Amino acid sequence: MLTKFEPSHRLVQEVEQQIAQAEAAIATENALPVKDETTDKNAQYEWAKSELQKTQVQWKALQAREATIVTQEAAYQTMARHLGEDAITQDDLLSSEKAAQENYLLYVKKQEEARMDDALDERGIVNVAIAEHPVAPALPLWSTATVLAIGLAAAGAAGTGAAFAADYLDPAFRTPEDVLAYLNSPVLASLPRGRLSA
Amino acid sequence: MSAGVLFAQTTARKEVRPAKPSERQAGGWNPEDFAREQIQGLVRQVFFSNAERPVRQVVFSAVEPETDVRNICRRVGEALALETAETVALAGEYPEVLQDAETDQEGTTGHRTKDEGAFLRRDATRVRGNLWLVPGAKKNEERVTTIELHAYLCAVRREFKYSIVAGPPARESNQATAMARFADGIILVLSAHRTRRNTARKIMEALEAAQARILGTVLSDRVFPIPERIYRRL
């Protein structure tokens with residue numbers, strides 16, 4: 001370093017200061033006498049013993065805590081059983097309440113209807129009443145002439161319809177027009193029924 | 001020219017009831033006069049029309065066996081005999097006509113003017129004037145063959161100018177069809193309110209299939225339940 005820097009350079013100064021401190025420390029150590037100390041206590045044993053004692057204390061605490069927890073568990077189980085029984089009882093009570101409520105509403109409705117009926121009865125009001133008593137008419141609704149006319153018209157219509165039906169359904173010839181239309185052959189003569197005289 | 005076209009116009013004209021002034025004055029409609037006019041119209045249409053093929057021999061055949069064809073043939077023959085001076089023959093069995101038949105000068109019955117047709121000369125009977133009655137082709141209740149039928153119709157045609165043949169019911173026998181083929185034509189007699197349309201049409205089809213000349217139809221047994229005055233208003 002001295003080949004590269006001046007002796008007054010900062011780096012050189014710092015290295016020299018460190019060397020001086022190291023030499024001072026070596027000198028101090030060399031000045032103290034050599035001592036050999038011996039004790040009758042085993043440190044490891046003491047540590048293990050202390051650990052054992054702490055563990056025993058913790059074990060006692062845990063046993064006590066276990067007893068407490070067991071007691072609490074029994075209490076909780078008893079409480080849960082009671083709650084279950086209470087839940088069943090509650091369901092029964094809720095069902096009973098619902099049924100009772102429905103019955104109550106039904107009874108209220110019936111009571112209201114009965115009250116309305118009683119009120120109507122008290123005021124003389126009923127659902128059906130005879131507005132006017134029937135009487136036999138003095139004159140027929142339709143006169144005899146009308147009935148006869150309707151009957152005549154109906155009979156005429158039925159007879160005409162029957163005649164047309166019979167005419168339509170008759171498979172035999174009746175008139176020369178039938179023959180001409182169906183056979184497409186001229187009708188040379190059309191003779192009335194009965195034996196023709198000479 | 002078909003028979004349908006030939007007679008269509010006259011048929012349409014004939015479908016109206018007759019109305020003679022004398023009958024109207026009498027206040028009634030006479031079916032006998034009506035039938036007579038119808039028969040006369042038939043004779044004119046069939047025998048005196050201007051058809052290409054003149055009709056000399058006609059077969060009348062009914063659809064229904066109950067229909068009296070012979071009576072119609074007799075009326076047609078009588079009307080035809082009045083319309084012409086030529087000989088007219090009624091071919092068929094007419095026992096009631098034979099009772100009223102005239103006799104010739106020799107005091108015997110029969111048509112003896114021709115050499116052919118021995119059975120016709122022997123058995124033909126003059127009813128009146130130019131109207132002759134010829135026995136049918138049926139002999140001793142035996143079935144007539146087609147050949148015999150043909151010979152019979154040919155003989156009648158040779159002997160007489162006009163001939164009207166009462167054929168068997170067309171619904172029961174094919175003999176009517178055979179006769180129609182040999183003759184100049186056939187007239188089908190329908191019975192009103194009895195002859196079914198389908199039956200008549202089948203017979204017409206059979207006749208057409210046999211190439212028979214169908215001259216027309218006659219509608220018999222008609223009834224007129226509606227009074228004339230009301231009928232004319234409908």
# chains A, B, ... in the order shown; residues from 1 in each chain; ligands from 1
$ interface_residues --of "chain A" --to "chain B" --cutoff "6 Å" --atoms "only C-alpha atoms" --output "list in words"
Pro171, Ala172, Phe173, Arg174, Ser185, Pro186, Val187, Leu188, Ala189, Ser190, Leu191, Pro192 and Arg193 of chain A
$ write_last_selection --atoms "N, CA and C atoms" --output "mmCIF file, in the first residue's frame"
data_model
loop_
_atom_site.group_PDB
_atom_site.id
_atom_site.type_symbol
_atom_site.label_atom_id
_atom_site.label_comp_id
_atom_site.auth_asym_id
_atom_site.auth_seq_id
_atom_site.Cartn_x
_atom_site.Cartn_y
_atom_site.Cartn_z
ATOM 1 N N PRO A 171 -135.496 -44.124 -56.544
ATOM 2 C CA PRO A 171 -134.568 -44.533 -57.609
ATOM 3 C C PRO A 171 -135.252 -44.792 -58.942
ATOM 4 N N ALA A 172 -136.571 -44.655 -59.003
ATOM 5 C CA ALA A 172 -137.276 -45.001 -60.235
ATOM 6 C C ALA A 172 -137.536 -43.740 -61.061
ATOM 7 N N PHE A 173 -137.818 -43.987 -62.326
ATOM 8 C CA PHE A 173 -138.173 -42.882 -63.220
ATOM 9 C C PHE A 173 -139.592 -42.423 -62.914
ATOM 10 N N ARG A 174 -139.807 -41.153 -63.071
ATOM 11 C CA ARG A 174 -141.161 -40.623 -62.859
ATOM 12 C C ARG A 174 -141.624 -39.774 -64.038
ATOM 13 N N SER A 185 -131.526 -40.423 -73.512
ATOM 14 C CA SER A 185 -132.229 -41.038 -74.634
ATOM 15 C C SER A 185 -133.593 -40.359 -74.759
ATOM 16 N N PRO A 186 -134.029 -40.094 -75.969
ATOM 17 C CA PRO A 186 -135.303 -39.374 -76.118
ATOM 18 C C PRO A 186 -136.487 -40.216 -75.668
ATOM 19 N N VAL A 187 -137.458 -39.549 -75.104
ATOM 20 C CA VAL A 187 -138.698 -40.213 -74.713
ATOM 21 C C VAL A 187 -139.687 -40.007 -75.848
ATOM 22 N N LEU A 188 -139.987 -41.073 -76.529
ATOM 23 C CA LEU A 188 -140.844 -40.971 -77.708
ATOM 24 C C LEU A 188 -142.304 -40.829 -77.334
ATOM 25 N N ALA A 189 -142.685 -41.392 -76.201
ATOM 26 C CA ALA A 189 -144.076 -41.303 -75.767
ATOM 27 C C ALA A 189 -144.122 -41.427 -74.254
ATOM 28 N N SER A 190 -145.117 -40.787 -73.705
ATOM 29 C CA SER A 190 -145.323 -40.847 -72.268
ATOM 30 C C SER A 190 -146.778 -41.235 -72.042
ATOM 31 N N LEU A 191 -146.988 -42.438 -71.566
ATOM 32 C CA LEU A 191 -148.332 -42.998 -71.525
ATOM 33 C C LEU A 191 -148.836 -43.050 -70.088
ATOM 34 N N PRO A 192 -150.074 -42.665 -69.869
ATOM 35 C CA PRO A 192 -150.612 -42.709 -68.506
ATOM 36 C C PRO A 192 -150.905 -44.141 -68.067
ATOM 37 N N ARG A 193 -151.052 -44.293 -66.793
ATOM 38 C CA ARG A 193 -151.320 -45.614 -66.229
ATOM 39 C C ARG A 193 -152.730 -46.059 -66.604
#
$ residues_around --residues "Arg56 of chain B" --least-positions-apart "3" --cutoff "10 Å" --atoms "only C-alpha atoms" --output "NGL selection string"
:B and (46-48 or 53 or 88 or 157 or 160-164 or 183-185)
$ select_by_dssp --residues "segment 86-190 of chain A" --states "strand (DSSP E or B)" --output "PDB file with C-alpha atoms, in the first residue's frame"
ATOM      1  CA  ALA A 172    -137.276 -45.001 -60.235  1.00  0.00           C
ATOM      2  CA  VAL A 187    -138.698 -40.213 -74.713  1.00  0.00           C
ATOM      3  CA  LEU A 188    -140.844 -40.971 -77.708  1.00  0.00           C
ATOM      4  CA  ALA A 189    -144.076 -41.303 -75.767  1.00  0.00           C
ATOM      5  CA  SER A 190    -145.323 -40.847 -72.268  1.00  0.00           C
TER       6      SER A 190
END
$ atom_distance --atom1 "atom CA of Val179 of chain A" --atom2 "atom CA of Ala178 of chain B"
23.5 Å
$ atom_distance --atom1 "atom CA of Val76 of chain B" --atom2 "atom CA of Ala91 of chain B"
12.0 Å
$ select_by_dssp --residues "segment 12-173 of chain A" --states "helix (DSSP H, G or I)" --output "VMD selection string"
chain A and resid 12 to 31 43 to 123 144 to 169
$ write_last_selection --atoms "C-alpha atoms" --output "tab-separated table (two decimals), in the first residue's frame"
chain	number	residue	atom	x	y	z
A	12	VAL	CA	-2.92	4.22	5.11
A	13	GLN	CA	-3.68	6.02	8.35
A	14	GLU	CA	-6.76	3.92	9.00
A	15	VAL	CA	-4.89	0.66	8.49
A	16	GLU	CA	-2.15	1.76	10.83
A	17	GLN	CA	-4.74	2.72	13.46
A	18	GLN	CA	-6.30	-0.72	13.27
A	19	ILE	CA	-2.99	-2.39	13.64
A	20	ALA	CA	-2.32	-0.32	16.71
A	21	GLN	CA	-5.61	-1.32	18.31
A	22	ALA	CA	-4.94	-4.97	17.65
A	23	GLU	CA	-1.47	-4.77	19.22
A	24	ALA	CA	-2.99	-2.99	22.26
A	25	ALA	CA	-5.51	-5.74	22.75
A	26	ILE	CA	-2.86	-8.44	22.49
A	27	ALA	CA	-0.78	-6.69	25.05
A	28	THR	CA	-3.71	-6.44	27.46
A	29	GLU	CA	-4.42	-10.09	27.26
A	30	ASN	CA	-0.88	-11.01	27.73
A	31	ALA	CA	-0.77	-8.91	30.90
A	43	ALA	CA	-25.86	-26.94	34.88
A	44	GLN	CA	-27.53	-29.47	32.68
A	45	TYR	CA	-28.97	-31.26	35.59
A	46	GLU	CA	-30.25	-28.07	37.06
A	47	TRP	CA	-31.87	-27.12	33.80
A	48	ALA	CA	-33.51	-30.52	33.43
A	49	LYS	CA	-34.69	-30.42	36.98
A	50	SER	CA	-36.20	-27.04	36.54
A	51	GLU	CA	-37.89	-28.16	33.37
A	52	LEU	CA	-39.26	-31.20	35.15
A	53	GLN	CA	-40.69	-29.06	37.87
A	54	LYS	CA	-42.35	-26.76	35.33
A	55	THR	CA	-43.78	-29.72	33.51
A	56	GLN	CA	-45.17	-31.21	36.71
A	57	VAL	CA	-46.79	-27.94	37.52
A	58	GLN	CA	-48.31	-27.75	34.08
A	59	TRP	CA	-49.53	-31.36	34.38
A	60	LYS	CA	-51.29	-30.57	37.61
A	61	ALA	CA	-52.87	-27.58	35.99
A	62	LEU	CA	-54.00	-29.63	33.05
A	63	GLN	CA	-55.50	-32.28	35.32
A	64	ALA	CA	-57.43	-29.64	37.12
A	65	ARG	CA	-58.53	-28.16	33.82
A	66	GLU	CA	-59.59	-31.64	32.63
A	67	ALA	CA	-61.77	-32.13	35.65
A	68	THR	CA	-63.31	-28.78	35.08
A	69	ILE	CA	-63.96	-29.51	31.40
A	70	VAL	CA	-65.51	-32.90	32.18
A	71	THR	CA	-67.80	-31.26	34.62
A	72	GLN	CA	-68.70	-28.61	32.11
A	73	GLU	CA	-69.27	-31.26	29.39
A	74	ALA	CA	-71.70	-33.15	31.60
A	75	ALA	CA	-73.50	-29.96	32.29
A	76	TYR	CA	-73.65	-29.09	28.60
A	77	GLN	CA	-74.91	-32.57	27.69
A	78	THR	CA	-77.64	-32.28	30.26
A	79	MET	CA	-78.49	-28.87	28.91
A	80	ALA	CA	-78.56	-30.15	25.31
A	81	ARG	CA	-80.86	-32.99	26.25
A	82	HIS	CA	-83.16	-30.60	27.96
A	83	LEU	CA	-83.07	-28.32	24.91
A	84	GLY	CA	-83.97	-31.19	22.61
A	85	GLU	CA	-86.88	-32.11	24.77
A	86	ASP	CA	-87.88	-28.50	24.86
A	87	ALA	CA	-87.67	-28.28	21.04
A	88	ILE	CA	-90.07	-31.21	20.69
A	89	THR	CA	-92.36	-29.62	23.17
A	90	GLN	CA	-92.07	-26.37	21.25
A	91	ASP	CA	-93.00	-28.04	17.96
A	92	ASP	CA	-96.01	-29.61	19.58
A	93	LEU	CA	-96.96	-26.31	21.02
A	94	LEU	CA	-96.52	-24.58	17.64
A	95	SER	CA	-98.72	-27.18	15.92
A	96	SER	CA	-101.31	-26.85	18.60
A	97	GLU	CA	-101.12	-23.12	18.28
A	98	LYS	CA	-101.63	-23.27	14.51
A	99	ALA	CA	-104.58	-25.62	14.83
A	100	ALA	CA	-106.03	-23.49	17.51
A	101	GLN	CA	-105.56	-20.41	15.37
A	102	GLU	CA	-107.31	-22.02	12.41
A	103	ASN	CA	-110.11	-23.17	14.60
A	104	TYR	CA	-110.32	-19.74	16.01
A	105	LEU	CA	-110.57	-18.16	12.57
A	106	LEU	CA	-113.18	-20.71	11.53
A	107	TYR	CA	-115.14	-20.08	14.65
A	108	VAL	CA	-114.87	-16.34	14.07
A	109	LYS	CA	-116.13	-16.80	10.49
A	110	LYS	CA	-118.97	-19.02	11.60
A	111	GLN	CA	-119.77	-16.61	14.34
A	112	GLU	CA	-119.85	-13.76	11.85
A	113	GLU	CA	-122.12	-15.70	9.54
A	114	ALA	CA	-124.35	-16.62	12.40
A	115	ARG	CA	-124.41	-13.06	13.49
A	116	MET	CA	-125.33	-11.96	9.95
A	117	ASP	CA	-128.07	-14.58	9.76
A	118	ASP	CA	-129.39	-13.49	13.09
A	119	ALA	CA	-129.32	-9.90	11.96
A	120	LEU	CA	-131.15	-10.79	8.71
A	121	ASP	CA	-133.70	-12.82	10.62
A	122	GLU	CA	-134.26	-10.02	13.09
A	123	ARG	CA	-134.90	-7.59	10.20
A	144	THR	CA	-155.87	-20.34	-31.29
A	145	ALA	CA	-155.52	-18.83	-34.73
A	146	THR	CA	-151.83	-18.25	-34.17
A	147	VAL	CA	-151.32	-21.78	-32.97
A	148	LEU	CA	-153.20	-23.15	-35.96
A	149	ALA	CA	-151.25	-20.96	-38.34
A	150	ILE	CA	-147.95	-22.05	-36.86
A	151	GLY	CA	-149.02	-25.67	-36.94
A	152	LEU	CA	-150.17	-25.37	-40.52
A	153	ALA	CA	-146.94	-23.74	-41.56
A	154	ALA	CA	-144.88	-26.37	-39.75
A	155	ALA	CA	-146.92	-29.19	-41.26
A	156	GLY	CA	-146.60	-27.66	-44.71
A	157	ALA	CA	-142.87	-27.30	-44.34
A	158	ALA	CA	-142.51	-30.84	-43.04
A	159	GLY	CA	-144.70	-32.25	-45.78
A	160	THR	CA	-142.87	-30.35	-48.47
A	161	GLY	CA	-139.56	-31.49	-47.09
A	162	ALA	CA	-140.75	-35.07	-46.94
A	163	ALA	CA	-142.00	-34.84	-50.51
A	164	PHE	CA	-138.70	-33.48	-51.72
A	165	ALA	CA	-136.84	-36.13	-49.77
A	166	ALA	CA	-138.99	-38.90	-51.21
A	167	ASP	CA	-138.58	-37.44	-54.67
A	168	TYR	CA	-134.83	-37.21	-54.25
A	169	LEU	CA	-134.43	-40.70	-52.85
$ residues_around --residues "Val63 of chain B" --least-positions-apart "2" --cutoff "6 Å" --atoms "only C-alpha atoms" --output "ChimeraX atom specification"
/B:169-171,190
$ residues_around --residues "Leu153 of chain B" --least-positions-apart "5" --cutoff "12 Å" --atoms "only C-alpha atoms" --output "PyMOL selection string"
chain B and resi 56-59+89-92+117+120+134-137+146-148+158-160+162-167+178-184
$ atom_distance --atom1 "atom CA of Gly77 of chain B" --atom2 "atom CA of Ala210 of chain B"
26.3 Å
